[in-house]
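Asker: As input, take structure38.cif (mmCIF, C-alpha atoms and all ligand atoms):
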```cif
data_my_file
loop_
_atom_site.label_atom_id
_atom_site.label_comp_id
_atom_site.auth_asym_id
_atom_site.auth_seq_id
_atom_site.Cartn_x
_atom_site.Cartn_y
_atom_site.Cartn_z
CA MET A 1 15.49 -42.93 40.52
CA SER A 2 19.13 -42.00 40.56
CA ALA A 3 20.17 -38.36 40.14
CA LYS A 4 21.60 -39.07 36.71
CA VAL A 5 18.37 -40.60 35.41
CA LYS A 6 16.38 -37.69 36.82
CA GLN A 7 18.73 -35.28 35.06
CA ILE A 8 18.33 -37.05 31.73
CA ALA A 9 14.55 -37.17 32.14
CA ALA A 10 14.44 -33.43 32.89
CA LEU A 11 16.60 -32.70 29.86
CA ALA A 12 14.41 -34.84 27.58
CA LEU A 13 11.29 -33.10 28.87
CA ALA A 14 12.84 -29.68 28.33
CA LEU A 15 13.85 -30.61 24.79
CA ALA A 16 10.42 -32.02 23.96
CA SER A 17 8.53 -29.03 25.32
CA GLY A 18 11.04 -26.66 23.71
CA ALA A 19 10.52 -28.28 20.35
CA ALA A 20 6.75 -28.06 20.78
CA TYR A 21 6.89 -24.34 21.48
CA ALA A 22 9.54 -23.39 18.94
CA ALA A 23 8.03 -22.13 15.72
CA TRP A 24 8.99 -24.04 12.57
CA GLY A 25 10.78 -20.91 11.34
CA ASP A 26 13.08 -20.99 14.38
CA ILE A 27 14.20 -24.52 13.63
CA ASN A 28 14.31 -24.25 9.85
CA MET A 29 16.95 -22.36 7.88
CA PRO A 30 16.50 -18.57 7.53
CA ALA A 31 14.09 -17.41 4.83
CA PRO A 32 15.70 -17.16 1.38
CA GLN A 33 16.19 -13.65 -0.05
CA THR A 34 17.17 -14.44 -3.64
CA VAL A 35 15.94 -16.55 -6.54
CA ILE A 36 18.92 -18.86 -6.19
CA ASP A 37 18.53 -19.30 -2.47
CA ARG A 38 14.86 -20.20 -2.99
CA GLU A 39 16.03 -22.92 -5.39
CA ILE A 40 18.55 -24.18 -2.82
CA PHE A 41 16.01 -24.02 -0.04
CA GLY A 42 13.42 -25.86 -2.12
CA LEU A 43 15.98 -28.53 -3.02
CA HIS A 44 16.90 -28.93 0.63
CA THR A 45 13.25 -29.33 1.63
CA TRP A 46 12.55 -31.80 -1.20
CA ILE A 47 15.57 -33.96 -0.33
CA MET A 48 14.81 -33.78 3.36
CA TRP A 49 11.29 -35.20 2.79
CA ILE A 50 12.76 -37.96 0.61
CA CYS A 51 15.09 -38.79 3.51
CA VAL A 52 12.20 -38.76 5.97
CA GLY A 53 10.27 -41.12 3.67
CA ILE A 54 13.23 -43.52 3.39
CA PHE A 55 13.74 -43.37 7.14
CA LEU A 56 10.11 -44.28 7.82
CA VAL A 57 10.00 -47.12 5.29
CA VAL A 58 13.33 -48.65 6.38
CA PHE A 59 12.71 -48.40 10.11
CA ALA A 60 9.10 -49.58 9.82
CA ALA A 61 10.23 -52.65 7.85
CA MET A 62 13.08 -53.28 10.27
CA PHE A 63 11.01 -53.02 13.46
CA TYR A 64 8.17 -55.02 11.94
CA SER A 65 10.55 -57.83 10.96
CA VAL A 66 12.39 -57.82 14.28
CA LEU A 67 9.20 -57.96 16.33
CA LYS A 68 7.03 -60.17 14.15
CA HIS A 69 9.67 -62.76 13.31
CA ARG A 70 11.49 -62.90 16.60
CA LYS A 71 12.86 -66.15 17.94
CA ALA A 72 10.62 -65.96 21.01
CA ALA A 73 7.56 -66.15 18.73
CA GLY A 74 8.88 -69.42 17.32
CA HIS A 75 10.62 -68.22 14.17
CA ALA A 76 13.86 -69.74 12.94
CA ALA A 77 16.35 -67.80 10.84
CA GLN A 78 16.13 -68.37 7.08
CA LEU A 79 19.42 -69.55 5.63
CA PHE A 80 19.90 -68.30 2.06
CA HIS A 81 22.45 -66.52 -0.11
CA GLU A 82 21.84 -64.17 -3.01
CA ASN A 83 18.49 -63.13 -4.34
CA THR A 84 18.53 -61.70 -7.83
CA GLN A 85 15.11 -60.09 -7.56
CA ILE A 86 15.99 -58.22 -4.37
CA GLU A 87 19.35 -57.14 -5.76
CA ILE A 88 17.75 -55.73 -8.89
CA LEU A 89 15.17 -53.97 -6.75
CA TRP A 90 17.68 -52.38 -4.39
CA THR A 91 19.66 -51.11 -7.35
CA ILE A 92 16.70 -49.65 -9.22
CA ILE A 93 14.99 -47.93 -6.29
CA PRO A 94 18.02 -45.84 -5.16
CA PHE A 95 18.78 -45.09 -8.82
CA VAL A 96 15.31 -43.63 -9.27
CA ILE A 97 15.58 -41.65 -6.02
CA ILE A 98 18.99 -40.20 -6.90
CA GLY A 99 17.79 -39.49 -10.42
CA ALA A 100 14.87 -37.49 -9.03
CA MET A 101 17.19 -35.51 -6.76
CA ALA A 102 19.67 -34.83 -9.57
CA PHE A 103 16.88 -33.76 -11.92
CA TYR A 104 15.74 -31.17 -9.41
CA ALA A 105 19.29 -30.04 -8.54
CA THR A 106 20.58 -29.62 -12.10
CA GLY A 107 18.30 -26.69 -12.89
CA GLY A 108 19.49 -24.91 -9.75
CA VAL A 109 23.17 -25.48 -10.41
CA LEU A 110 22.84 -24.24 -13.99
CA ALA A 111 20.95 -21.13 -12.84
CA MET A 112 23.58 -20.46 -10.18
CA LYS A 113 26.38 -20.45 -12.75
CA ASP A 114 24.57 -18.20 -15.21
CA THR A 115 26.20 -14.84 -14.50
CA ALA A 116 25.48 -13.49 -18.01
CA ASN A 117 23.83 -10.10 -18.56
CA PRO A 118 24.09 -8.62 -15.07
CA ASP A 119 22.67 -5.17 -14.30
CA MET A 120 25.79 -4.34 -12.34
CA THR A 121 29.04 -5.89 -11.09
CA ILE A 122 30.78 -5.69 -7.73
CA LYS A 123 34.29 -6.99 -7.23
CA ILE A 124 34.80 -8.44 -3.76
CA THR A 125 38.31 -8.95 -2.42
CA GLY A 126 39.12 -10.77 0.80
CA TYR A 127 41.92 -9.48 3.00
CA GLN A 128 43.24 -10.69 6.34
CA TRP A 129 40.79 -9.72 7.87
CA LYS A 130 38.27 -7.57 6.09
CA TRP A 131 36.46 -7.27 2.78
CA HIS A 132 36.88 -4.77 0.00
CA TYR A 133 33.97 -3.89 -2.30
CA ASP A 134 34.53 -2.28 -5.65
CA TYR A 135 31.47 -1.20 -7.64
CA LEU A 136 32.83 -1.44 -11.17
CA GLN A 137 30.09 0.64 -12.82
CA ASP A 138 29.29 3.12 -10.10
CA GLY A 139 32.88 3.94 -9.15
CA VAL A 140 32.26 3.37 -5.45
CA GLN A 141 34.68 1.33 -3.38
CA PHE A 142 35.41 0.81 0.26
CA TYR A 143 36.65 -1.57 2.91
CA SER A 144 34.22 -3.31 5.20
CA THR A 145 35.59 -4.06 8.65
CA MET A 146 33.91 -5.67 11.63
CA SER A 147 32.41 -3.05 13.95
CA THR A 148 31.83 -5.18 17.05
CA PRO A 149 33.79 -3.37 19.79
CA ARG A 150 36.89 -5.17 21.03
CA GLU A 151 35.64 -4.93 24.63
CA GLN A 152 32.76 -7.28 23.76
CA ILE A 153 35.23 -9.89 22.56
CA GLY A 154 37.71 -9.45 25.39
CA GLU A 155 41.41 -10.20 25.46
CA PRO A 156 42.42 -13.76 24.44
CA GLY A 157 41.48 -16.14 27.20
CA THR A 158 39.09 -13.74 28.92
CA LYS A 159 35.38 -13.07 28.69
CA GLY A 160 34.31 -9.84 27.03
CA THR A 161 31.61 -7.44 28.16
CA THR A 162 27.92 -7.96 27.34
CA LYS A 163 27.52 -8.88 23.71
CA GLY A 164 25.43 -6.81 21.30
CA GLU A 165 22.58 -8.18 19.18
CA PHE A 166 24.76 -8.61 16.09
CA TYR A 167 27.91 -9.70 17.89
CA LEU A 168 30.60 -10.52 15.28
CA LEU A 169 28.03 -10.03 12.51
CA GLU A 170 28.22 -6.25 12.10
CA VAL A 171 30.45 -4.05 9.93
CA ASP A 172 31.23 -0.37 9.48
CA ASN A 173 30.36 -0.32 5.76
CA PRO A 174 27.90 -2.94 4.53
CA MET A 175 27.77 -3.91 0.88
CA VAL A 176 24.72 -2.12 -0.55
CA VAL A 177 22.79 -3.52 -3.52
CA PRO A 178 19.57 -2.53 -5.29
CA VAL A 179 16.65 -4.98 -5.02
CA GLY A 180 15.35 -6.68 -8.14
CA LYS A 181 18.61 -6.18 -10.07
CA LYS A 182 20.94 -8.94 -11.16
CA VAL A 183 24.22 -8.18 -9.43
CA ARG A 184 27.28 -10.11 -10.55
CA LEU A 185 29.84 -10.65 -7.80
CA LEU A 186 33.48 -11.20 -8.79
CA ILE A 187 35.10 -12.78 -5.78
CA THR A 188 38.84 -12.98 -5.19
CA SER A 189 41.42 -12.52 -2.45
CA ASN A 190 44.55 -10.53 -1.87
CA ASP A 191 46.34 -12.90 0.53
CA VAL A 192 44.97 -16.29 1.55
CA ILE A 193 41.78 -18.17 0.64
CA HIS A 194 38.67 -16.58 2.14
CA GLY A 195 35.01 -17.51 1.68
CA TRP A 196 32.26 -14.98 1.01
CA PHE A 197 29.30 -16.64 2.67
CA VAL A 198 25.81 -15.21 3.09
CA PRO A 199 23.32 -18.05 3.67
CA GLN A 200 20.18 -16.04 2.86
CA LEU A 201 21.59 -14.98 -0.49
CA GLY A 202 22.53 -18.57 -1.32
CA ILE A 203 26.19 -17.70 -1.84
CA ASN A 204 29.22 -19.43 -0.36
CA GLN A 205 32.12 -18.73 -2.69
CA TYR A 206 35.85 -19.12 -2.20
CA GLY A 207 37.93 -15.98 -2.70
CA ILE A 208 41.21 -17.36 -4.09
CA PRO A 209 44.32 -15.23 -4.67
CA GLY A 210 45.05 -15.00 -8.39
CA PHE A 211 41.62 -16.29 -9.44
CA ILE A 212 38.32 -14.55 -9.94
CA LYS A 213 35.17 -16.55 -9.34
CA ASP A 214 31.80 -15.17 -10.34
CA VAL A 215 28.38 -15.67 -8.79
CA TRP A 216 25.25 -13.56 -8.87
CA ILE A 217 22.46 -12.37 -6.63
CA LYS A 218 19.09 -10.76 -7.20
CA VAL A 219 17.69 -9.73 -3.86
CA ASP A 220 13.89 -9.89 -3.52
CA ARG A 221 13.19 -7.16 -0.97
CA PRO A 222 14.90 -4.41 1.01
CA GLY A 223 16.60 -5.53 4.19
CA ILE A 224 19.83 -6.67 5.76
CA THR A 225 21.38 -10.11 5.49
CA ARG A 226 24.46 -11.26 7.34
CA GLY A 227 27.16 -13.83 6.87
CA GLN A 228 30.79 -14.57 7.59
CA CYS A 229 34.06 -15.60 6.05
CA SER A 230 33.69 -19.34 5.61
CA GLN A 231 37.34 -20.37 5.15
CA ILE A 232 39.73 -20.54 8.06
CA CYS A 233 41.97 -17.71 6.94
CA GLY A 234 44.08 -16.89 9.98
CA LYS A 235 43.91 -15.47 13.44
CA GLU A 236 40.98 -13.11 12.84
CA HIS A 237 38.98 -15.44 10.59
CA GLY A 238 36.00 -15.16 12.94
CA PHE A 239 36.16 -11.38 12.81
CA MET A 240 35.45 -10.64 9.15
CA PRO A 241 31.68 -10.68 8.81
CA VAL A 242 29.75 -9.93 5.64
CA VAL A 243 26.75 -7.60 5.80
CA VAL A 244 24.62 -6.93 2.73
CA GLU A 245 22.01 -4.21 2.71
CA ALA A 246 19.42 -4.29 -0.06
CA LYS A 247 17.76 -0.98 -0.92
CA SER A 248 15.13 0.03 -3.46
CA PRO A 249 16.73 1.21 -6.73
CA ALA A 250 15.94 4.86 -5.83
CA ASP A 251 17.51 4.54 -2.37
CA TYR A 252 20.46 2.74 -3.91
CA ALA A 253 21.03 5.61 -6.37
CA ALA A 254 20.87 8.08 -3.46
CA TRP A 255 23.40 5.96 -1.57
CA VAL A 256 25.80 5.96 -4.54
CA ALA A 257 25.47 9.74 -4.88
CA LYS A 258 26.31 10.10 -1.20
CA GLN A 259 29.34 7.81 -1.38
CA LYS A 260 31.20 9.62 -4.12
CA PRO A 261 32.07 12.91 -2.35
CA LYS A 262 32.69 10.97 0.87
CA GLN A 263 35.20 8.78 -0.91
CA ALA A 264 37.02 11.66 -2.56
CA ALA A 265 37.34 13.38 0.81
CA ALA A 266 38.54 10.31 2.66
CA GLY A 267 40.84 9.36 -0.19
CA THR A 268 39.78 5.76 -0.34
CA ALA A 269 42.66 3.65 -1.53
CA VAL A 270 42.57 2.11 -4.97
CA GLU A 271 44.28 -1.07 -5.93
CA ARG A 272 42.47 -1.50 -9.19
CA THR A 273 44.29 -3.50 -11.79
CA ALA A 274 41.50 -3.79 -14.34
CA LYS A 275 40.81 -1.04 -16.80
CA ALA A 276 37.27 -0.64 -15.50
CA ALA A 277 36.38 2.93 -14.58
CA PRO A 278 39.66 4.49 -13.54
CA ALA A 279 39.03 7.12 -10.88
CA PRO A 280 42.12 9.29 -10.54
CA GLU A 281 40.47 11.50 -7.92
CA GLN A 282 40.36 8.48 -5.64
CA THR A 283 44.03 7.51 -5.63
CA PRO A 284 45.59 7.71 -2.18
CA GLN A 285 48.18 10.20 -3.34
CA ALA A 286 45.68 12.65 -4.76
CA ALA A 287 43.00 12.49 -2.12
CA ALA A 288 44.66 13.74 1.04
CA ASP A 289 45.80 17.28 0.33
CA PRO A 290 49.57 16.85 0.59
CA GLY A 291 50.06 20.55 1.15
CA LYS A 292 47.85 20.58 4.22
CA THR A 293 49.44 20.46 7.65
CA TYR A 294 47.35 18.66 10.23
CA ALA A 295 47.46 19.36 13.96
CA LEU A 296 48.97 16.72 16.24
CA ASP A 297 45.68 16.08 18.06
CA GLU A 298 43.76 15.80 14.82
CA LEU A 299 46.21 13.19 13.52
CA LYS A 300 46.23 11.30 16.82
CA ALA A 301 42.42 11.09 16.91
CA LYS A 302 42.22 9.83 13.33
CA GLY A 303 45.20 7.56 13.89
CA GLN A 304 43.47 5.89 16.82
CA GLN A 305 40.56 4.93 14.53
CA VAL A 306 42.89 3.65 11.84
CA PHE A 307 44.77 1.65 14.46
CA ALA A 308 41.52 0.17 15.83
CA ALA A 309 40.41 -0.88 12.35
CA ASN A 310 43.68 -2.26 11.01
CA CYS A 311 46.43 -2.80 13.57
CA VAL A 312 44.82 -3.68 16.89
CA ALA A 313 44.42 -7.38 16.15
CA CYS A 314 48.16 -8.00 16.07
CA HIS A 315 49.71 -5.12 17.98
CA GLN A 316 46.91 -5.03 20.60
CA ALA A 317 45.07 -2.03 22.05
CA ASN A 318 47.71 -1.55 24.74
CA GLY A 319 50.47 -1.48 22.11
CA MET A 320 52.15 -4.51 23.67
CA GLY A 321 51.66 -6.86 20.71
CA LEU A 322 51.67 -10.60 21.35
CA PRO A 323 55.03 -11.75 22.67
CA GLY A 324 56.92 -13.92 20.22
CA THR A 325 54.60 -13.17 17.28
CA PHE A 326 53.72 -9.50 17.03
CA PRO A 327 56.20 -6.96 18.40
CA ALA A 328 55.20 -4.34 20.96
CA LEU A 329 54.87 -0.82 19.58
CA ASN A 330 55.01 0.65 23.04
CA GLY A 331 58.66 1.55 23.56
CA SER A 332 59.57 0.13 20.13
CA LYS A 333 62.88 1.26 18.66
CA VAL A 334 61.27 1.71 15.24
CA VAL A 335 58.37 3.76 16.55
CA LEU A 336 60.61 5.97 18.67
CA GLY A 337 63.34 6.16 16.02
CA ALA A 338 63.56 8.23 12.85
CA PRO A 339 60.12 8.69 11.22
CA LYS A 340 61.59 7.70 7.88
CA GLU A 341 62.20 4.11 8.95
CA GLN A 342 58.75 3.66 10.47
CA ILE A 343 57.10 5.12 7.36
CA GLU A 344 59.10 2.60 5.27
CA VAL A 345 57.90 -0.32 7.42
CA VAL A 346 54.25 0.75 7.37
CA LEU A 347 54.24 1.44 3.63
CA HIS A 348 56.10 -1.66 2.51
CA GLY A 349 55.70 -4.12 5.38
CA ARG A 350 58.46 -6.38 6.61
CA PRO A 351 59.11 -9.23 4.19
CA GLY A 352 59.23 -12.58 5.89
CA THR A 353 57.08 -11.45 8.82
CA MET A 354 53.37 -10.96 9.40
CA MET A 355 53.75 -7.17 8.97
CA ALA A 356 51.74 -6.36 5.86
CA PRO A 357 52.47 -3.50 3.45
CA TRP A 358 49.81 -0.87 4.07
CA GLY A 359 50.90 1.42 1.23
CA PRO A 360 48.61 -0.20 -1.34
CA THR A 361 45.52 -0.20 0.87
CA LEU A 362 45.62 2.90 3.08
CA PRO A 363 45.66 6.50 1.87
CA ASP A 364 48.45 8.90 2.87
CA LEU A 365 46.37 10.60 5.53
CA ASP A 366 45.51 7.31 7.28
CA ILE A 367 49.14 6.19 7.26
CA ALA A 368 50.36 9.54 8.55
CA ALA A 369 47.67 9.52 11.25
CA VAL A 370 48.33 5.98 12.45
CA ILE A 371 52.08 6.58 12.59
CA THR A 372 51.47 9.79 14.55
CA TYR A 373 49.19 7.86 16.87
CA THR A 374 51.73 5.10 17.60
CA ARG A 375 54.45 7.70 18.21
CA ASN A 376 52.25 9.42 20.80
CA ALA A 377 50.23 6.63 22.41
CA TRP A 378 50.87 4.61 25.59
CA ASP A 379 54.35 5.46 26.92
CA ASN A 380 55.49 6.78 23.56
CA LYS A 381 55.65 10.54 23.75
CA THR A 382 57.62 11.87 20.80
CA GLY A 383 55.27 14.84 20.33
CA GLU A 384 55.84 14.43 16.60
CA ALA A 385 53.10 14.84 14.01
CA ILE A 386 53.70 12.95 10.77
CA GLN A 387 52.07 14.72 7.82
CA PRO A 388 50.46 13.11 4.72
CA GLY A 389 53.02 15.00 2.62
CA GLN A 390 55.82 12.94 4.19
CA ILE A 391 54.04 9.74 3.23
CA LYS A 392 53.52 11.01 -0.30
CA THR A 393 57.23 11.73 -0.61
CA ALA A 394 58.18 8.33 0.83
CA ARG A 395 55.93 6.53 -1.70
CA LYS A 396 58.06 7.78 -4.58
CU CU A 401 38.67 -14.89 5.70
#
```
Let me see the file written as structure tokens.
Ligand SMILES: [Cu+2]
Answerer:
Amino acid sequence: MSAKVKQIAALALALASGAAYAAWGDINMPAPQTVIDREIFGLHTWIMWICVGIFLVVFAAMFYSVLKHRKAAGHAAQLFHENTQIEILWTIIPFVIIGAMAFYATGGVLAMKDTANPDMTIKITGYQWKWHYDYLQDGVQFYSTMSTPREQIGEPGTKGTTKGEFYLLEVDNPMVVPVGKKVRLLITSNDVIHGWFVPQLGINQYGIPGFIKDVWIKVDRPGITRGQCSQICGKEHGFMPVVVEAKSPADYAAWVAKQKPKQAAAGTAVERTAKAAPAPEQTPQAAADPGKTYALDELKAKGQQVFAANCVACHQANGMGLPGTFPALNGSKVVLGAPKEQIEVVLHGRPGTMMAPWGPTLPDLDIAAVITYTRNAWDNKTGEAIQPGQIKTARK
């Protein structure tokens, strides 16, 4: 036996024994967590068995004919054209099969689209490259950013360190929902098309700028489900996971109660356009006490976190950017120049470039902190602390 044949035989054996040992649950799709996903899962299983049935019938007939009527056994080919009976038959049979599939699927599709009478609504907005969740009734809102450390991913073209269990599928703030409640999700985007995709919830919905699409979930039991952005939306498309945590209604209420003071303190940014539940105490301007003067170290420490969550992808952890695309901040003329100009750029972005305006999404304190950080990180040593009050003034 040649080496190649031996290799193939070993591989086939490994696959066969692997399949024998693997539990059905390991091979099958993950267990559904919502009514809709059960429908989808059931439809998938039903259609798969139809396909298996067709496969068996077609291949059995084919092999039987090939073997039984082979030339070597003395059979000659039949020469004929057209056969009305067979043609009618092979039109009717697929029609019946497709009809059966469509009958089953229609109920599911209709149920999926029925977003009427929800118990609560969450607006989900895609950003390059994170998600924003806005609880329209409960007044809670936050950004959800991937929390897998950059070291695990590594620099482009290199291998990262050992990967964690939920590599690229973990976030700082998961979307929390109560179990057993119909939650309507309004999905949109702020920049390019994203896709909010959580297989176990049976949702894969485009987030399209300027449009709002609605879907709904009703999660069966407490637990965590994970998904990803499903539309190629730019450089960090693979780094914007979705994590949904379902809690009992009592735990959910406790979670909401805990979020509110936290949000007011952090000054979570608001870019609400709808009239729903205005929350003036959450506007970026009001939240960070503009009168307060922060120490340089305090701002630098906070700024490093803000940088890691929002800026590192383009400007890189070493502040060197990516040559030709994203400018280096280390030694940058803007960063080392007058604070006023840098504040302008961070607040309003640079039109015509990839530099996004951060004014609408980050509160004053975060912007002040991240600017302070860049002015005092790497080889930049201005010793300057930029205060939230300066950002507040510059916004006007
Ligand atoms: Cu995306």
Asker: With a distance cut-off of 9 Å and only C-alpha atoms, select the neighbouring residues of Asn117 in chain A, excluding the residue or stretch itself and same-chain residues fewer than 3 positions from it, and output the selection as a ChimeraX atom specification.
Answerer: /A:114,120,182,184
Asker: Please, which residues have at least one atom within 9 Å of an atom of ligand CU 401 (chain A), using only C-alpha atoms and all ligand atoms, listed as JSON, numbers by chain?
Answerer: {"A": [126, 127, 128, 129, 130, 131, 189, 192, 193, 194, 195, 196, 207, 228, 229, 230, 231, 232, 233, 234, 236, 237, 238, 239, 240, 241]}
Asker: Which residues are near Thr374 in chain A? Cut-off 12 Å, all atoms listed in the file, ignore same chain within fewer than 4 positions. Put them as a VMD selection string.
Answerer: chain A and resid 299 to 308 311 to 312 315 to 320 328 to 337 339 342 to 343 346 367 to 370 378 to 386
Asker: My list of candidates is A:Glu82, A:Glu165, A:Asp251, A:Asp119. Which is closest to Gly180 in chain A when distances are computed with only C-alpha atoms?
Answerer: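 The answer is A:Asp119, which sits nearest to Gly180 in chain A.
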Asker: From the set A:Met112, A:Ala313, A:Gln33, A:Ser147, which residue has the shortest atom-to-atom contact distance to Glu245 in chain A, counting only C-alpha atoms?
Answerer: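 Of the candidates, the smallest distance to Glu245 in chain A is held by A:Gln33.
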Asker: What does the distance from CA of Pro360 in chain A to CA of Ile203 in chain A come to in Å, to one decimal?
Answerer: 28.4 Å
Asker: Given the choices A:Lys247, A:Lys235, A:Arg375, A:Arg395, which gets closest to Met354 in chain A if the distance is worked out from only C-alpha atoms?
Answerer: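 Closest to Met354 in chain A of all the choices is A:Lys235.
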Asker: Hey, which of A:Thr361, A:Thr158, A:Thr45, A:Thr293 ends up closest to Asn190 in chain A? Count only C-alpha atoms.
Answerer: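 Once distances to Asn190 in chain A are computed over only C-alpha atoms, the minimum belongs to A:Thr361.
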Asker: Just need the box for range 54-66 of chain A, edges along x, y and z, holding every atom the file lists for it with 3 Å tacked onto each side, so centre and edge lengths in Å to one decimal, as lines of an AutoDock Vina configuration file.
Answerer:
```
center_x = 11.0
center_y = -50.6
center_z = 8.8
size_x = 11.6
size_y = 20.5
size_z = 16.9
```
Asker: Which is closest to Pro156 in chain A among A:Met62, A:Ala377, A:Leu43, A:Leu322, if we use all atoms listed in the file?
Answerer: A:Leu322
Asker: Can you work out the spacing between CA of Thr145 in chain A and CA of Asn310 in chain A in Å, to one decimal?
Answerer: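 Distance reported for this atom pair: 8.6 Å.
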Asker: Let me make sure I understand: among A:Gly227, A:Gly321, A:Pro199, A:Gly108, which one has the smallest atom-to-atom distance to Met146 in chain A if we use all atoms listed in the file?
Answerer: A:Gly227
Asker: Please check which residues have atoms at most 12 Å from (48.7, -3.1, 0.7) in the file's coordinates, counting all atoms listed in the file, and write them as an MDAnalysis selection string.
Answerer: chainID A and resid 127:128 132 190:191 269:272 284 310 345:350 355:363 367
Asker: Expressed in Å to a single decimal, how great is the separation between CA of Ile391 in chain A and CA of Gly352 in chain A?
Answerer: 23.1 Å
Asker: With 12 Å as the threshold, what does the neighbourhood of (22.0, 2.3, 1.7) contain in terms of residues, counting all atoms listed in the file? Coordinates are those of the file; answer as a ChimeraX atom specification.
Answerer: /A:173-179,222-224,243-259
Asker: Contacts of Lys213 in chain A at 8 Å or less, counting all atoms listed in the file, minus same-chain residues fewer than 6 places along, as a ChimeraX atom specification?
Answerer: /A:186-188,205-207
